[in-house]
Amino acid sequence: MSGANTGSGSREGSLEAPTRHPIDWQNPEFYDEAKLFTELERVFDICHGCRRCFSLCNSFPTLFDAVDAAPSGEVDTMPKPVYWEVVDHCYLCDMCYMTKCPYVPPHPWNLDFPHLMLRAKAVEFAKNGAPLRNKVLSNTDLVGRLAGIPVVAEVVNAVNHSSLGRKVLAKVLGVHEQAPVPNYYSDTFRKQEARRPKPVLTAVPAAGTTGKVALFATCYCNRNEPDINTDLVQVFEHNGIPLTLAPQEKCCGMPKLELGDIKSVEALMQVNIPQLAALVDQGYDLVAPVPSCVLMFKQELPLLFPNDPQVAKVKAAMFDPFEYLMLRHKAGLLQTDFKQELGKVSYHVPCHLRVQNIGLKTRDVLKLVPNTTLEVIERCSGHNGTYAVKQEFHDISMKIGKPVFAKVDAGKADYHSSDCPMAGHQIENGLKAPKPSTHPMTLLRTAYGL
C-alpha cells in the first residue's frame, strides 16, 4: 500500500499551480500493454489510499469496490478485467485532476488519472478497434451530414422521437430508449449564415482582444441546435463585434478522443487548425459555443501536439464566448442596454467549462441583467459526451446527475441553463417537473430584446 491518504507533499500545501504534461502518444511505449498495466496499478493504488474522488464519476466507485472485494483488500489482487471497467467509466471530464486530486504534477507522484485513462483507451483502440456503435456515435460529421439531408432529417427526427424508433435505435446502436437524442436540421447554421446580410462593423481592440471574431460553429450547433449560434452572432454583433466563419470546419475531435482514437483526432486537427490559424493571422480571435470544443483547442490538442506552432497559435486565440464578452465588459465595451429581466436562473456549469479555469464568466455576464439572480450549480450533469446515451451507462449517468436535477427542481427558477446544450437536455430528462433548458446565449439575447 502506498499510504496515499497522508496527503504528504500535495498541491494543497504548495504554491505551485498544477501542470499538465504533454501526451506522449506517438511513442511506441505508450501502447505497451504491460507498461500500461504497471502504471494503472501504481495509480489505482494511490487512488485507493486517498479516495477523495468517490463522489465523481463511476470509475472510482468501480475501483474502490473491486479493491475492497479483492482477496488482499489491495490493488495487487484486484481482477485485471476490472481495470478495463474503470477505464470504460471514465469520460475524460477532468474534474478529478482539476478539483480533487492532491497528487497531480508537480507532485512527485505525478498522477494524471484522465490522461492515463486516455492512454488505456488508446491501447484498447489500437489493439481491438471499437464497436460499430461507438464509431457511429463518435463520427458526428458523417452522422450529421447524412441525417441532415433534406427530407431525411424530418424522417430521422420523427423516428428518433417515436417509441418504435427508439426501440430500433436501442437494438441497432445500443442507444438507451430514455436518453435524450438531438434533432437534425438540413438548413444548417452555416447555410443560414451564408444567406444572411452582414452588418458593416469596425473592430475595436481592447483588453487582450482584437475586437473581431471567427466562430468555430461546432458540428452540434451547426446541425443540431443552430439557434445557439444564431443567438451568439446576434449578441456579438449587437456589441459591435464583427464575426466570420472559417471556410471549412470538421468536428473538434473530442468524441474521437473519448474513444481513444487519437489518429482520427490528428486527422481532424489537420483540417481545423490550418483554417483557424489562418484566421488568427488575419487578426481574428476565436470562439466556439460548446465548452468541450473550446477545451479541445485550449488544452487537449496542445498536449497532443506540443511542438506544433499553429496549434499553439490557435490555443492562444481561443475563447469561451462569455469569457470574451466579459473581457469586453471590463474594457467598457459591452452593451448593457437590456430590455428584459430574466428573474431567477438555475445555472449549471459544465465540467469542460470548469476545467478551463476562467472563472464563472457566464454567471458574471448574466448578472449584469437587471433583476436577475443566478443559482450556480457546479456539479456534473452526468451527460459527458456519448456516455449518457449508451444503454449500459445511461442509468449510471442519471445517478451521477441526480444532485443537479434535485437542485434545479428545488430552485423553481424561471429558467434553467447550461453552457453545454447536451448537459441541458440531460438535466431536462432528470427533472420531476419537466422544463426545457435555455442556453445562456439565448438568455442573453432575450435580455437584449433582440
# chains A, B, ... in the order shown; residues from 1 in each chain; ligands from 1
call {"tool": "residues_around", "arguments": {"residues": "Pro28 (chain A)", "least_positions_apart": "6", "cutoff": "12 Å", "atoms": "only C-alpha atoms", "output": "VMD selection string"}}
result
chain A and resid 35 to 36 119 122 to 123 126
call {"tool": "residues_around", "arguments": {"residues": "region 395-406 of chain A", "least_positions_apart": "3", "cutoff": "7 Å", "atoms": "only C-alpha atoms", "output": "ChimeraX atom specification"}}
result
/A:57,377,379-383,388,409-410,427,430-431
call {"tool": "atom_distance", "arguments": {"atom1": "CA of Met296 (chain A)", "atom2": "CA of Met95 (chain A)"}}
result
15.1 Å
call {"tool": "atom_distance", "arguments": {"atom1": "CA of Pro289 (chain A)", "atom2": "CA of Leu325 (chain A)"}}
result
12.6 Å
call {"tool": "closest_residue", "arguments": {"among": "A:Thr62, A:Gln275, A:Gln234, A:Thr38", "to": "Val82 (chain A)", "atoms": "only C-alpha atoms"}}
result
A:Thr62
call {"tool": "closest_residue", "arguments": {"among": "A:Val389, A:Ala179, A:Ala34, A:Val265", "to": "Glu428 (chain A)", "atoms": "only C-alpha atoms"}}
result
A:Ala179
call {"tool": "closest_residue", "arguments": {"among": "A:Met254, A:Ala66, A:Leu201, A:Met117", "to": "Phe37 (chain A)", "atoms": "only C-alpha atoms"}}
result
A:Met117
call {"tool": "residues_around", "arguments": {"residues": "region 304-321 of chain A", "least_positions_apart": "3", "cutoff": "6 Å", "atoms": "only C-alpha atoms", "output": "PyMOL selection string"}}
result
chain A and resi 23+277+285-287+297-298+301+324
call {"tool": "residues_around", "arguments": {"residues": "Leu360 (chain A)", "least_positions_apart": "3", "cutoff": "10 Å", "atoms": "only C-alpha atoms", "output": "MDAnalysis selection string"}}
result
chainID A and resid 322:323 349 353:354 357 363:365 376 378
call {"tool": "select_by_dssp", "arguments": {"residues": "region 132-293 of chain A", "states": "alpha helix (DSSP H)", "output": "number ranges by chain"}}
result
A: 132-138, 140-147, 152-160, 163-173, 189-195, 219-223, 226-238, 254-259, 262-281, 291-293
call {"tool": "write_last_selection", "arguments": {"atoms": "C-alpha atoms", "output": "short mmCIF file (atom, residue, chain, number, x, y, z; two decimals), in the first residue's frame"}}
result
data_model
loop_
_atom_site.label_atom_id
_atom_site.label_comp_id
_atom_site.auth_asym_id
_atom_site.auth_seq_id
_atom_site.Cartn_x
_atom_site.Cartn_y
_atom_site.Cartn_z
CA LEU A 132 -19.74 -0.11 -34.63
CA ARG A 133 -21.97 1.76 -32.17
CA ASN A 134 -19.03 3.72 -30.76
CA LYS A 135 -17.66 4.50 -34.22
CA VAL A 136 -21.04 5.81 -35.35
CA LEU A 137 -21.74 7.90 -32.24
CA SER A 138 -18.27 9.48 -32.38
CA THR A 140 -20.52 13.45 -35.66
CA ASP A 141 -19.65 14.91 -39.06
CA LEU A 142 -20.82 11.85 -41.01
CA VAL A 143 -23.94 11.27 -38.94
CA GLY A 144 -24.88 14.93 -39.10
CA ARG A 145 -24.27 15.10 -42.84
CA LEU A 146 -26.42 12.02 -43.57
CA ALA A 147 -29.16 12.78 -41.04
CA VAL A 152 -34.15 12.58 -44.44
CA ALA A 153 -33.80 14.98 -41.49
CA GLU A 154 -37.56 15.05 -40.95
CA VAL A 155 -37.72 11.25 -41.09
CA VAL A 156 -34.78 10.84 -38.70
CA ASN A 157 -36.30 13.29 -36.22
CA ALA A 158 -39.69 11.56 -36.38
CA VAL A 159 -38.14 8.13 -35.86
CA ASN A 160 -35.93 9.38 -33.00
CA SER A 163 -41.33 4.72 -29.21
CA LEU A 164 -40.83 2.22 -32.06
CA GLY A 165 -37.93 4.25 -33.46
CA ARG A 166 -36.23 4.35 -30.07
CA LYS A 167 -36.59 0.58 -29.71
CA VAL A 168 -34.91 0.15 -33.10
CA LEU A 169 -32.18 2.63 -32.12
CA ALA A 170 -31.59 0.69 -28.91
CA LYS A 171 -31.43 -2.62 -30.77
CA VAL A 172 -29.17 -1.46 -33.61
CA LEU A 173 -26.90 1.08 -31.92
CA PHE A 189 -26.32 27.31 -39.30
CA ARG A 190 -23.56 27.59 -41.89
CA LYS A 191 -26.17 27.61 -44.68
CA GLN A 192 -28.20 30.23 -42.84
CA GLU A 193 -25.12 32.36 -42.24
CA ALA A 194 -24.16 32.20 -45.93
CA ARG A 195 -27.54 33.76 -46.83
CA CYS A 219 -20.82 20.13 -35.54
CA TYR A 220 -23.53 20.12 -32.84
CA CYS A 221 -24.50 23.80 -33.03
CA ASN A 222 -24.27 23.72 -36.81
CA ARG A 223 -26.59 20.76 -37.43
CA PRO A 226 -28.28 26.15 -34.99
CA ASP A 227 -30.26 28.71 -32.98
CA ILE A 228 -27.48 28.78 -30.36
CA ASN A 229 -25.03 30.04 -32.98
CA THR A 230 -27.63 32.47 -34.31
CA ASP A 231 -28.09 33.87 -30.81
CA LEU A 232 -24.32 34.20 -30.40
CA VAL A 233 -24.00 36.09 -33.68
CA GLN A 234 -26.81 38.47 -32.74
CA VAL A 235 -25.31 39.17 -29.30
CA PHE A 236 -21.79 39.72 -30.61
CA GLU A 237 -22.90 41.98 -33.44
CA HIS A 238 -25.12 43.94 -31.05
CA MET A 254 -13.43 15.34 -28.62
CA PRO A 255 -15.74 12.36 -29.42
CA LYS A 256 -12.83 10.52 -31.06
CA LEU A 257 -10.56 11.40 -28.13
CA GLU A 258 -13.05 9.84 -25.71
CA LEU A 259 -12.85 6.69 -27.84
CA ILE A 262 -6.03 9.61 -31.47
CA LYS A 263 -5.15 9.13 -35.15
CA SER A 264 -8.64 10.35 -36.07
CA VAL A 265 -8.15 13.30 -33.71
CA GLU A 266 -4.97 14.10 -35.63
CA ALA A 267 -6.79 13.91 -38.97
CA LEU A 268 -9.46 16.34 -37.75
CA MET A 269 -6.80 18.63 -36.32
CA GLN A 270 -5.06 18.74 -39.70
CA VAL A 271 -8.22 20.21 -41.22
CA ASN A 272 -9.27 22.58 -38.44
CA ILE A 273 -6.01 24.04 -37.20
CA PRO A 274 -4.71 25.48 -40.51
CA GLN A 275 -8.12 27.12 -41.11
CA LEU A 276 -8.24 28.66 -37.64
CA ALA A 277 -4.57 29.64 -37.58
CA ALA A 278 -5.03 31.50 -40.88
CA LEU A 279 -7.89 33.46 -39.32
CA VAL A 280 -5.72 34.32 -36.32
CA ASP A 281 -3.10 35.62 -38.75
CA PRO A 291 -17.27 24.11 -23.85
CA SER A 292 -15.87 20.71 -24.91
CA CYS A 293 -14.80 22.15 -28.26
#
call {"tool": "atom_distance", "arguments": {"atom1": "CA of Arg445 (chain A)", "atom2": "CA of Gly343 (chain A)"}}
result
14.6 Å
call {"tool": "residues_around", "arguments": {"residues": "Met326 (chain A)", "least_positions_apart": "6", "cutoff": "12 Å", "atoms": "only C-alpha atoms", "output": "list in words"}}
result
Ala206, Ala207, Gly208, Thr209, Phe236, Asn239, Phe319, Asp320, Gly332, Leu333, Leu334, Gln335, Thr336, Ile358, Gly359, Leu360, Lys361, Thr362, Arg363, Asp364, Val365, Leu366, Lys367 and Leu368 of chain A
call {"tool": "select_by_dssp", "arguments": {"residues": "region 56-243 of chain A", "states": "strand (DSSP E or B)", "output": "list in words"}}
result
Val175, Ala206, Thr209, Val213, Ala214, Leu215 and Leu243 of chain A
call {"tool": "residues_around", "arguments": {"residues": "Ala69 (chain A)", "least_positions_apart": "4", "cutoff": "8 Å", "atoms": "only C-alpha atoms", "output": "list of chain:residue names"}}
result
A:Asp65, A:Gly73, A:Met78
call {"tool": "write_last_selection", "arguments": {"atoms": "C-alpha atoms", "output": "JSON list (two decimals), in the first residue's frame"}}
result
[["chain", "number", "residue", "atom", "x", "y", "z"],
["A", 65, "ASP", "CA", -15.50, -1.69, -4.67],
["A", 73, "GLY", "CA", -8.11, -5.85, 0.09],
["A", 78, "MET", "CA", -7.88, -6.96, -7.93]]
call {"tool": "residues_around", "arguments": {"residues": "Thr438 (chain A)", "least_positions_apart": "6", "cutoff": "8 Å", "atoms": "only C-alpha atoms", "output": "list in words"}}
result
Tyr415, His416, Ser417, Ser418 and Gly424 of chain A
call {"tool": "write_last_selection", "arguments": {"atoms": "C-alpha atoms", "output": "PDB file, in the first residue's frame"}}
result
ATOM      1  CA  TYR A 415     -35.084  29.304 -16.380  1.00  0.00           C
ATOM      2  CA  HIS A 416     -32.554  26.521 -16.054  1.00  0.00           C
ATOM      3  CA  SER A 417     -29.495  26.750 -18.238  1.00  0.00           C
ATOM      4  CA  SER A 418     -26.147  25.165 -19.073  1.00  0.00           C
ATOM      5  CA  GLY A 424     -29.011  20.995 -20.527  1.00  0.00           C
TER       6      GLY A 424
END
call {"tool": "closest_residue", "arguments": {"among": "A:Phe64, A:Tyr347, A:Phe30, A:Phe216", "to": "Ala288 (chain A)", "atoms": "only C-alpha atoms"}}
result
A:Phe216
